[in-house]
$ cat protein_21.pdb   # PDB, C-alpha atoms
ATOM      1  CA  MET A   1     -31.854  -6.600   1.688
ATOM      2  CA  ASN A   2     -31.506 -10.246   2.767
ATOM      3  CA  GLU A   3     -29.242 -11.655   5.486
ATOM      4  CA  ARG A   4     -26.494 -12.497   2.972
ATOM      5  CA  GLU A   5     -26.205  -8.975   1.603
ATOM      6  CA  TRP A   6     -24.112  -6.063   2.794
ATOM      7  CA  SER A   7     -24.743  -2.353   2.394
ATOM      8  CA  ILE A   8     -22.474  -0.169   0.293
ATOM      9  CA  GLN A   9     -21.173   1.500   3.459
ATOM     10  CA  GLN A  10     -20.312  -1.870   5.008
ATOM     11  CA  ILE A  11     -18.509  -3.070   1.884
ATOM     12  CA  ALA A  12     -16.582   0.194   1.519
ATOM     13  CA  LYS A  13     -15.350  -0.104   5.096
ATOM     14  CA  LEU A  14     -14.453  -3.794   4.800
ATOM     15  CA  ALA A  15     -12.633  -3.351   1.473
ATOM     16  CA  GLY A  16     -10.801  -0.189   2.479
ATOM     17  CA  THR A  17     -12.390   1.825  -0.303
ATOM     18  CA  THR A  18     -15.161   4.439  -0.501
ATOM     19  CA  SER A  19     -18.865   4.424  -1.319
ATOM     20  CA  ARG A  20     -18.076   6.917  -4.062
ATOM     21  CA  THR A  21     -15.653   4.478  -5.698
ATOM     22  CA  LEU A  22     -18.191   1.644  -5.501
ATOM     23  CA  ARG A  23     -20.832   3.854  -7.095
ATOM     24  CA  HIS A  24     -18.343   4.692  -9.856
ATOM     25  CA  TYR A  25     -17.770   0.969 -10.436
ATOM     26  CA  ASP A  26     -21.527   0.575 -10.783
ATOM     27  CA  ASP A  27     -21.795   3.518 -13.187
ATOM     28  CA  ILE A  28     -19.241   1.993 -15.560
ATOM     29  CA  GLY A  29     -20.689  -1.509 -15.300
ATOM     30  CA  LEU A  30     -17.754  -2.993 -13.415
ATOM     31  CA  LEU A  31     -19.545  -3.939 -10.190
ATOM     32  CA  THR A  32     -23.344  -3.985 -10.132
ATOM     33  CA  PRO A  33     -25.142  -4.184  -6.767
ATOM     34  CA  SER A  34     -27.126  -7.372  -6.212
ATOM     35  CA  SER A  35     -30.118  -5.303  -5.132
ATOM     36  CA  ILE A  36     -31.215  -1.742  -4.470
ATOM     37  CA  GLY A  37     -33.416  -0.959  -1.481
ATOM     38  CA  HIS A  38     -36.565   1.168  -1.511
ATOM     39  CA  ASN A  39     -34.417   3.967  -0.092
ATOM     40  CA  GLY A  40     -32.095   3.765  -3.102
ATOM     41  CA  TYR A  41     -29.240   2.179  -1.120
ATOM     42  CA  ARG A  42     -27.064  -0.356  -2.912
ATOM     43  CA  TYR A  43     -26.574  -3.843  -1.457
ATOM     44  CA  TYR A  44     -24.055  -6.516  -2.412
ATOM     45  CA  ASP A  45     -24.280 -10.309  -2.131
ATOM     46  CA  GLU A  46     -21.500 -12.908  -1.925
ATOM     47  CA  ALA A  47     -21.031 -13.052  -5.709
ATOM     48  CA  ALA A  48     -20.560  -9.281  -5.792
ATOM     49  CA  LEU A  49     -18.001  -9.543  -2.985
ATOM     50  CA  VAL A  50     -15.999 -12.114  -4.962
ATOM     51  CA  ARG A  51     -16.089  -9.846  -8.015
ATOM     52  CA  LEU A  52     -14.946  -6.856  -5.934
ATOM     53  CA  GLN A  53     -12.077  -8.917  -4.542
ATOM     54  CA  ARG A  54     -10.975  -9.687  -8.111
ATOM     55  CA  ILE A  55     -11.253  -6.029  -9.101
ATOM     56  CA  LEU A  56      -9.040  -4.976  -6.198
ATOM     57  CA  LEU A  57      -6.519  -7.716  -6.965
ATOM     58  CA  LEU A  58      -6.319  -6.629 -10.604
ATOM     59  CA  ARG A  59      -5.834  -3.032  -9.468
ATOM     60  CA  GLU A  60      -2.864  -4.259  -7.423
ATOM     61  CA  LEU A  61      -1.449  -5.761 -10.615
ATOM     62  CA  GLY A  62      -1.498  -2.282 -12.150
ATOM     63  CA  LEU A  63      -4.426  -2.659 -14.543
ATOM     64  CA  GLY A  64      -6.691   0.284 -15.312
ATOM     65  CA  LEU A  65     -10.459  -0.045 -14.974
ATOM     66  CA  PRO A  66     -11.127  -0.623 -18.720
ATOM     67  CA  GLN A  67      -8.560  -3.438 -18.758
ATOM     68  CA  ILE A  68     -10.070  -4.927 -15.588
ATOM     69  CA  GLY A  69     -13.477  -4.973 -17.275
ATOM     70  CA  ASP A  70     -12.000  -6.847 -20.241
ATOM     71  CA  VAL A  71     -10.349  -9.415 -17.964
ATOM     72  CA  LEU A  72     -13.545 -10.023 -16.006
ATOM     73  CA  GLN A  73     -15.503 -10.511 -19.214
ATOM     74  CA  ARG A  74     -13.025 -13.004 -20.651
ATOM     75  CA  GLU A  75     -12.616 -15.114 -17.515
ATOM     76  CA  ALA A  76     -15.794 -17.110 -16.934
ATOM     77  CA  SER A  77     -14.680 -19.098 -13.877
ATOM     78  CA  GLU A  78     -14.232 -17.031 -10.729
ATOM     79  CA  GLU A  79     -12.427 -19.918  -9.018
ATOM     80  CA  HIS A  80      -9.929 -20.367 -11.876
ATOM     81  CA  ALA A  81      -9.226 -16.620 -11.955
ATOM     82  CA  LEU A  82      -8.679 -16.494  -8.211
ATOM     83  CA  GLN A  83      -6.276 -19.441  -8.438
ATOM     84  CA  SER A  84      -4.178 -17.372 -10.860
ATOM     85  CA  HIS A  85      -4.342 -14.393  -8.488
ATOM     86  CA  LEU A  86      -3.312 -16.637  -5.610
ATOM     87  CA  ALA A  87      -0.240 -17.863  -7.479
ATOM     88  CA  TRP A  88       0.830 -14.261  -8.111
ATOM     89  CA  LEU A  89       0.182 -13.279  -4.489
ATOM     90  CA  ARG A  90       2.338 -16.155  -3.265
ATOM     91  CA  GLN A  91       5.173 -14.962  -5.513
ATOM     92  CA  GLU A  92       4.785 -11.461  -4.081
ATOM     93  CA  GLN A  93       4.648 -12.891  -0.572
ATOM     94  CA  ASP A  94       7.944 -14.685  -1.151
ATOM     95  CA  ARG A  95       9.541 -11.534  -2.589
ATOM     96  CA  LEU A  96       8.334  -9.372   0.318
ATOM     97  CA  THR A  97       9.421 -11.975   2.876
ATOM     98  CA  ARG A  98      12.920 -11.864   1.388
ATOM     99  CA  GLN A  99      12.911  -8.059   1.443
ATOM    100  CA  ILE A 100      11.794  -8.000   5.080
ATOM    101  CA  ALA A 101      14.493 -10.483   6.080
ATOM    102  CA  SER A 102      17.077  -8.438   4.177
ATOM    103  CA  VAL A 103      16.128  -5.190   5.913
ATOM    104  CA  GLU A 104      15.917  -6.860   9.337
ATOM    105  CA  THR A 105      19.438  -8.247   8.834
ATOM    106  CA  THR A 106      20.719  -4.781   7.942
ATOM    107  CA  ILE A 107      19.078  -3.236  11.028
ATOM    108  CA  SER A 108      20.556  -5.914  13.288
ATOM    109  CA  ALA A 109      24.014  -5.380  11.811
ATOM    110  CA  LEU A 110      23.784  -1.615  12.265
ATOM    111  CA  ARG A 111      22.613  -1.932  15.867
ATOM    112  CA  GLY A 112      25.370  -4.390  16.714
ATOM    113  CA  GLY A 113      28.094  -2.515  14.888
ATOM    114  CA  GLU A 114      28.642  -5.543  12.690
ATOM    115  CA  ARG A 115      30.021  -5.564   9.189
ATOM    116  CA  LEU A 116      27.345  -5.318   6.495
ATOM    117  CA  MET A 117      27.243  -8.122   3.947
ATOM    118  CA  ALA A 118      26.464  -6.445   0.631
ATOM    119  CA  GLU A 119      25.431  -9.694  -1.044
ATOM    120  CA  ASN A 120      22.626 -10.135   1.515
ATOM    121  CA  MET A 121      21.279  -6.589   1.523
ATOM    122  CA  PHE A 122      19.243  -6.580  -1.673
ATOM    123  CA  ASP A 123      17.563  -9.972  -1.745
ATOM    124  CA  GLY A 124      14.091  -9.473  -3.166
ATOM    125  CA  PHE A 125      14.970  -6.159  -4.816
ATOM    126  CA  ASP A 126      15.087  -6.654  -8.581
ATOM    127  CA  HIS A 127      15.702  -3.460 -10.508
ATOM    128  CA  THR A 128      16.667  -5.509 -13.596
ATOM    129  CA  GLN A 129      13.115  -6.713 -14.274
ATOM    130  CA  TYR A 130      12.675  -4.083 -17.026
ATOM    131  CA  LYS A 131      16.089  -4.702 -18.630
ATOM    132  CA  GLU A 132      14.734  -6.021 -21.949
ATOM    133  CA  GLU A 133      12.115  -3.286 -22.198
ATOM    134  CA  VAL A 134      14.614  -0.489 -21.557
ATOM    135  CA  GLU A 135      17.062  -1.932 -24.074
ATOM    136  CA  GLU A 136      14.313  -2.249 -26.675
ATOM    137  CA  ARG A 137      13.083   1.312 -26.184
ATOM    138  CA  TRP A 138      16.364   3.181 -25.709
ATOM    139  CA  GLY A 139      19.226   0.785 -26.486
ATOM    140  CA  LYS A 140      21.632  -1.388 -24.521
ATOM    141  CA  LYS A 141      23.866   1.558 -23.597
ATOM    142  CA  ALA A 142      20.934   3.279 -21.893
ATOM    143  CA  TYR A 143      20.334   0.279 -19.668
ATOM    144  CA  ALA A 144      24.052  -0.258 -19.002
ATOM    145  CA  ASP A 145      24.536   3.382 -17.978
ATOM    146  CA  SER A 146      21.516   3.440 -15.682
ATOM    147  CA  ASP A 147      22.416   0.030 -14.202
ATOM    148  CA  ARG A 148      25.977   1.186 -13.468
ATOM    149  CA  TRP A 149      24.618   4.360 -11.859
ATOM    150  CA  TRP A 150      22.173   2.386  -9.692
ATOM    151  CA  ARG A 151      24.782  -0.110  -8.518
ATOM    152  CA  SER A 152      27.191   2.686  -7.629
ATOM    153  CA  MET A 153      24.758   4.174  -5.116
ATOM    154  CA  SER A 154      24.855   3.430  -1.407
ATOM    155  CA  ALA A 155      21.839   1.933   0.339
ATOM    156  CA  ASP A 156      20.974   5.363   1.772
ATOM    157  CA  GLU A 157      21.222   6.976  -1.667
ATOM    158  CA  LYS A 158      18.958   4.326  -3.174
ATOM    159  CA  ALA A 159      16.418   4.793  -0.399
ATOM    160  CA  ALA A 160      16.487   8.566  -0.874
ATOM    161  CA  TRP A 161      16.000   8.220  -4.629
ATOM    162  CA  GLN A 162      13.073   5.830  -4.163
ATOM    163  CA  GLN A 163      11.522   8.235  -1.661
ATOM    164  CA  ARG A 164      11.883  11.058  -4.176
ATOM    165  CA  VAL A 165      10.021   9.011  -6.795
ATOM    166  CA  SER A 166       7.323   8.076  -4.282
ATOM    167  CA  ASP A 167       6.851  11.692  -3.177
ATOM    168  CA  LEU A 168       6.590  12.883  -6.771
ATOM    169  CA  GLY A 169       3.953  10.283  -7.624
ATOM    170  CA  ARG A 170       1.979  11.133  -4.491
ATOM    171  CA  ASP A 171       2.057  14.847  -5.269
ATOM    172  CA  TRP A 172       0.917  14.261  -8.865
ATOM    173  CA  ILE A 173      -2.076  12.239  -7.671
ATOM    174  CA  ALA A 174      -2.978  14.840  -5.032
ATOM    175  CA  ALA A 175      -2.848  17.598  -7.650
ATOM    176  CA  ALA A 176      -4.993  15.610 -10.083
ATOM    177  CA  GLU A 177      -7.581  14.873  -7.395
ATOM    178  CA  ALA A 178      -7.630  18.550  -6.408
ATOM    179  CA  GLY A 179      -8.799  19.337  -9.942
ATOM    180  CA  ILE A 180      -6.158  21.958 -10.718
ATOM    181  CA  ALA A 181      -5.409  22.787 -14.339
ATOM    182  CA  PRO A 182      -2.318  21.316 -16.071
ATOM    183  CA  GLU A 183      -1.149  24.850 -16.907
ATOM    184  CA  SER A 184      -1.479  26.070 -13.292
ATOM    185  CA  VAL A 185       1.528  27.203 -11.282
ATOM    186  CA  GLU A 186       1.229  24.162  -9.015
ATOM    187  CA  ALA A 187       1.102  21.660 -11.882
ATOM    188  CA  GLN A 188       3.975  23.318 -13.717
ATOM    189  CA  ALA A 189       6.089  23.208 -10.560
ATOM    190  CA  LEU A 190       5.459  19.458 -10.440
ATOM    191  CA  ALA A 191       6.373  19.158 -14.122
ATOM    192  CA  LYS A 192       9.654  20.975 -13.405
ATOM    193  CA  ARG A 193      10.422  18.539 -10.581
ATOM    194  CA  HIS A 194       9.560  15.651 -12.881
ATOM    195  CA  VAL A 195      11.916  16.816 -15.629
ATOM    196  CA  GLU A 196      14.703  17.428 -13.095
ATOM    197  CA  TRP A 197      14.223  13.867 -11.873
ATOM    198  CA  LEU A 198      14.333  12.464 -15.422
ATOM    199  CA  THR A 199      17.467  14.390 -16.365
ATOM    200  CA  GLY A 200      19.191  13.060 -13.262
ATOM    201  CA  VAL A 201      18.989   9.413 -14.367
ATOM    202  CA  PRO A 202      21.981   8.418 -16.550
ATOM    203  CA  GLY A 203      21.149   6.515 -19.712
ATOM    204  CA  THR A 204      17.831   8.174 -20.446
ATOM    205  CA  PRO A 205      17.519  10.447 -23.508
ATOM    206  CA  ALA A 206      16.854  13.308 -21.079
ATOM    207  CA  ALA A 207      20.294  12.891 -19.509
ATOM    208  CA  VAL A 208      22.338  12.752 -22.731
ATOM    209  CA  PRO A 209      24.061  16.056 -23.614
ATOM    210  CA  GLY A 210      22.425  17.468 -26.730
ATOM    211  CA  GLY A 211      19.626  14.901 -26.536
ATOM    212  CA  ASP A 212      16.041  15.620 -27.491
ATOM    213  CA  VAL A 213      14.830  16.280 -23.967
ATOM    214  CA  LYS A 214      11.653  17.965 -25.154
ATOM    215  CA  GLY A 215      10.659  15.085 -27.410
ATOM    216  CA  TYR A 216      11.528  12.558 -24.711
ATOM    217  CA  VAL A 217       9.447  14.277 -22.039
ATOM    218  CA  ILE A 218       6.428  14.680 -24.317
ATOM    219  CA  GLY A 219       6.716  11.093 -25.559
ATOM    220  CA  LEU A 220       7.056   9.769 -22.019
ATOM    221  CA  GLY A 221       3.907  11.644 -21.042
ATOM    222  CA  GLU A 222       2.026   9.920 -23.857
ATOM    223  CA  MET A 223       3.367   6.570 -22.677
ATOM    224  CA  TYR A 224       2.064   7.266 -19.172
ATOM    225  CA  VAL A 225      -1.449   7.217 -20.649
ATOM    226  CA  ALA A 226      -0.948   4.394 -23.161
ATOM    227  CA  ASP A 227       0.746   1.961 -20.742
ATOM    228  CA  GLU A 228      -1.642   0.774 -18.020
ATOM    229  CA  ARG A 229       1.243   0.281 -15.575
ATOM    230  CA  PHE A 230       1.913   4.016 -15.586
ATOM    231  CA  GLY A 231      -1.803   4.733 -15.638
ATOM    232  CA  ALA A 232      -2.115   2.756 -12.421
ATOM    233  CA  HIS A 233       0.863   4.579 -10.867
ATOM    234  CA  TYR A 234      -0.843   7.937 -11.381
ATOM    235  CA  ALA A 235      -4.424   6.719 -10.880
ATOM    236  CA  THR A 236      -6.705   8.816  -8.701
ATOM    237  CA  SER A 237      -9.425   7.400  -6.453
ATOM    238  CA  GLU A 238     -11.774   7.540  -9.435
ATOM    239  CA  GLY A 239      -9.565   5.136 -11.373
ATOM    240  CA  GLY A 240      -9.098   5.233 -15.129
ATOM    241  CA  THR A 241      -6.426   7.256 -16.900
ATOM    242  CA  ALA A 242      -7.442  10.747 -15.763
ATOM    243  CA  GLY A 243      -4.440  11.027 -13.438
ATOM    244  CA  ALA A 244      -1.976   9.954 -16.138
ATOM    245  CA  GLU A 245      -3.633  12.314 -18.628
ATOM    246  CA  PHE A 246      -3.172  15.176 -16.173
ATOM    247  CA  VAL A 247       0.554  14.361 -15.840
ATOM    248  CA  ARG A 248       0.887  14.075 -19.631
ATOM    249  CA  ASP A 249      -0.787  17.420 -20.266
ATOM    250  CA  ALA A 250       1.233  19.232 -17.606
ATOM    251  CA  LEU A 251       4.493  17.785 -18.937
ATOM    252  CA  ARG A 252       3.627  18.753 -22.517
ATOM    253  CA  ILE A 253       2.846  22.342 -21.501
ATOM    254  CA  TYR A 254       6.088  22.558 -19.515
ATOM    255  CA  ALA A 255       8.149  21.046 -22.330
ATOM    256  CA  GLU A 256       6.688  23.348 -24.974
ATOM    257  CA  ALA A 257       7.444  26.403 -22.846
ATOM    258  CA  ASN A 258      10.814  25.483 -21.345
ATOM    259  CA  LEU A 259      12.629  22.770 -23.283
TER     260      LEU A 259
END

$ encode --input "protein_21.pdb" --output "structure tokens"
Amino acid sequence: MNEREWSIQQIAKLAGTTSRTLRHYDDIGLLTPSSIGHNGYRYYDEAALVRLQRILLLRELGLGLPQIGDVLQREASEEHALQSHLAWLRQEQDRLTRQIASVETTISALRGGERLMAENMFDGFDHTQYKEEVEERWGKKAYADSDRWWRSMSADEKAAWQQRVSDLGRDWIAAAEAGIAPESVEAQALAKRHVEWLTGVPGTPAAVPGGDVKGYVIGLGEMYVADERFGAHYATSEGGTAGAEFVRDALRIYAEANL
């Protein structure tokens, strides 16, 4: 180890990750240590740190580890790639700044007993970003119905719904990391919650009377694995698509038995 290298434990702590994750990145060829000590410890130089920063940024964009490897291979210039990341981060910074200001304004109004200004409450919140995709997959009526439902909700109802989605995703990841089987009681209880959530959203095939709920749930599970955005949403600490595959398998088992 030279003075410009850091140990795997140091890097894990600085990057907010784990030594196990860094070893996994090494195993799959994503992040190779710059040197290995006589004691077998991995050490990382400045170039490795830059590469790890890019990996973590790409993870934030929702890419799975195989896709990240492809991106890193294609992009020769680290500086050019980081410039692109920086542009995206600045966009996110602007969006989050607007969200923070929106929420702060709401809190101030509530504390002061002032009238809430609806047009100022959702700056930075864009639920229409998937409009074209939803219309392409399930038709314009599906988007219109779900959009009308979303806009009809109060701020508290929207927050509660978002919390429900967050809790469900967290519980799926915890179950996948615990290594339980998709057919287990715990996993099937999660699948039941998942289907109840899906059938509660107007406009989806699962919410249409007489619709093919079974086919929709099974197909959605397959999409969770095929689409890296969903793969990232259900990704475990090991990365990859294992978490999404666990959700897919549990949903398929539940659908075959109950729908």

$ atom_distance --input "protein_21.pdb" --atom1 "CA of Lys192 (chain A)" --atom2 "CA of Thr236 (chain A)"
20.9 Å

$ atom_distance --input "protein_21.pdb" --atom1 "CA of His233 (chain A)" --atom2 "CA of Gly169 (chain A)"
7.3 Å

$ residues_around --input "protein_21.pdb" --residues "Val185 (chain A)" --least-positions-apart "3" --cutoff "12 Å" --atoms "only C-alpha atoms" --output "number ranges by chain"
A: 175, 180-182, 188-192, 250, 253-254

$ atom_distance --input "protein_21.pdb" --atom1 "CA of Ala257 (chain A)" --atom2 "CA of Leu168 (chain A)"
21.0 Å

$ residues_around --input "protein_21.pdb" --residues "region 165-167 of chain A" --least-positions-apart "4" --cutoff "12 Å" --atoms "only C-alpha atoms" --output "VMD selection string"
chain A and resid 158 to 161 171 to 174 190 193 to 198 200 to 201 233 to 234

$ axis_aligned_box --input "protein_21.pdb" --around "region 244-256 of chain A" --padding-each-side "8 Å" --output "lines of an AutoDock Vina configuration file"
center_x = 2.3
center_y = 16.7
center_z = -20.4
size_x = 27.8
size_y = 29.4
size_z = 25.1

$ resolve_selection --input "protein_21.pdb" --expression "the PyMOL selection byres ((chain A and resi 6) around 6)" --output "list in words"
Glu5, Ser7, Tyr43 and Tyr44 of chain A

$ closest_residue --input "protein_21.pdb" --among "A:Thr199, A:Pro66, A:Arg54, A:Ile107" --to "Leu86 (chain A)" --atoms "all atoms listed in the file"
A:Arg54

$ resolve_selection --input "protein_21.pdb" --expression "the PyMOL selection byres ((chain A and resi 240) around 6)" --output "list in words"
Gly64, Leu65, Gly239, Thr241 and Ala242 of chain A

$ write_last_selection --input "protein_21.pdb" --atoms "C-alpha atoms" --output "short mmCIF file (atom, residue, chain, number, x, y, z; two decimals), in the frame of the given file"
data_model
loop_
_atom_site.label_atom_id
_atom_site.label_comp_id
_atom_site.auth_asym_id
_atom_site.auth_seq_id
_atom_site.Cartn_x
_atom_site.Cartn_y
_atom_site.Cartn_z
CA GLY A 64 -6.69 0.28 -15.31
CA LEU A 65 -10.46 -0.04 -14.97
CA GLY A 239 -9.56 5.14 -11.37
CA THR A 241 -6.43 7.26 -16.90
CA ALA A 242 -7.44 10.75 -15.76
#

$ resolve_selection --input "protein_21.pdb" --expression "the PyMOL selection byres ((chain A and resi 219) around 12)" --output "PyMOL selection string"
chain A and resi 137+205-206+212-218+220-227+247-249+251-252+255
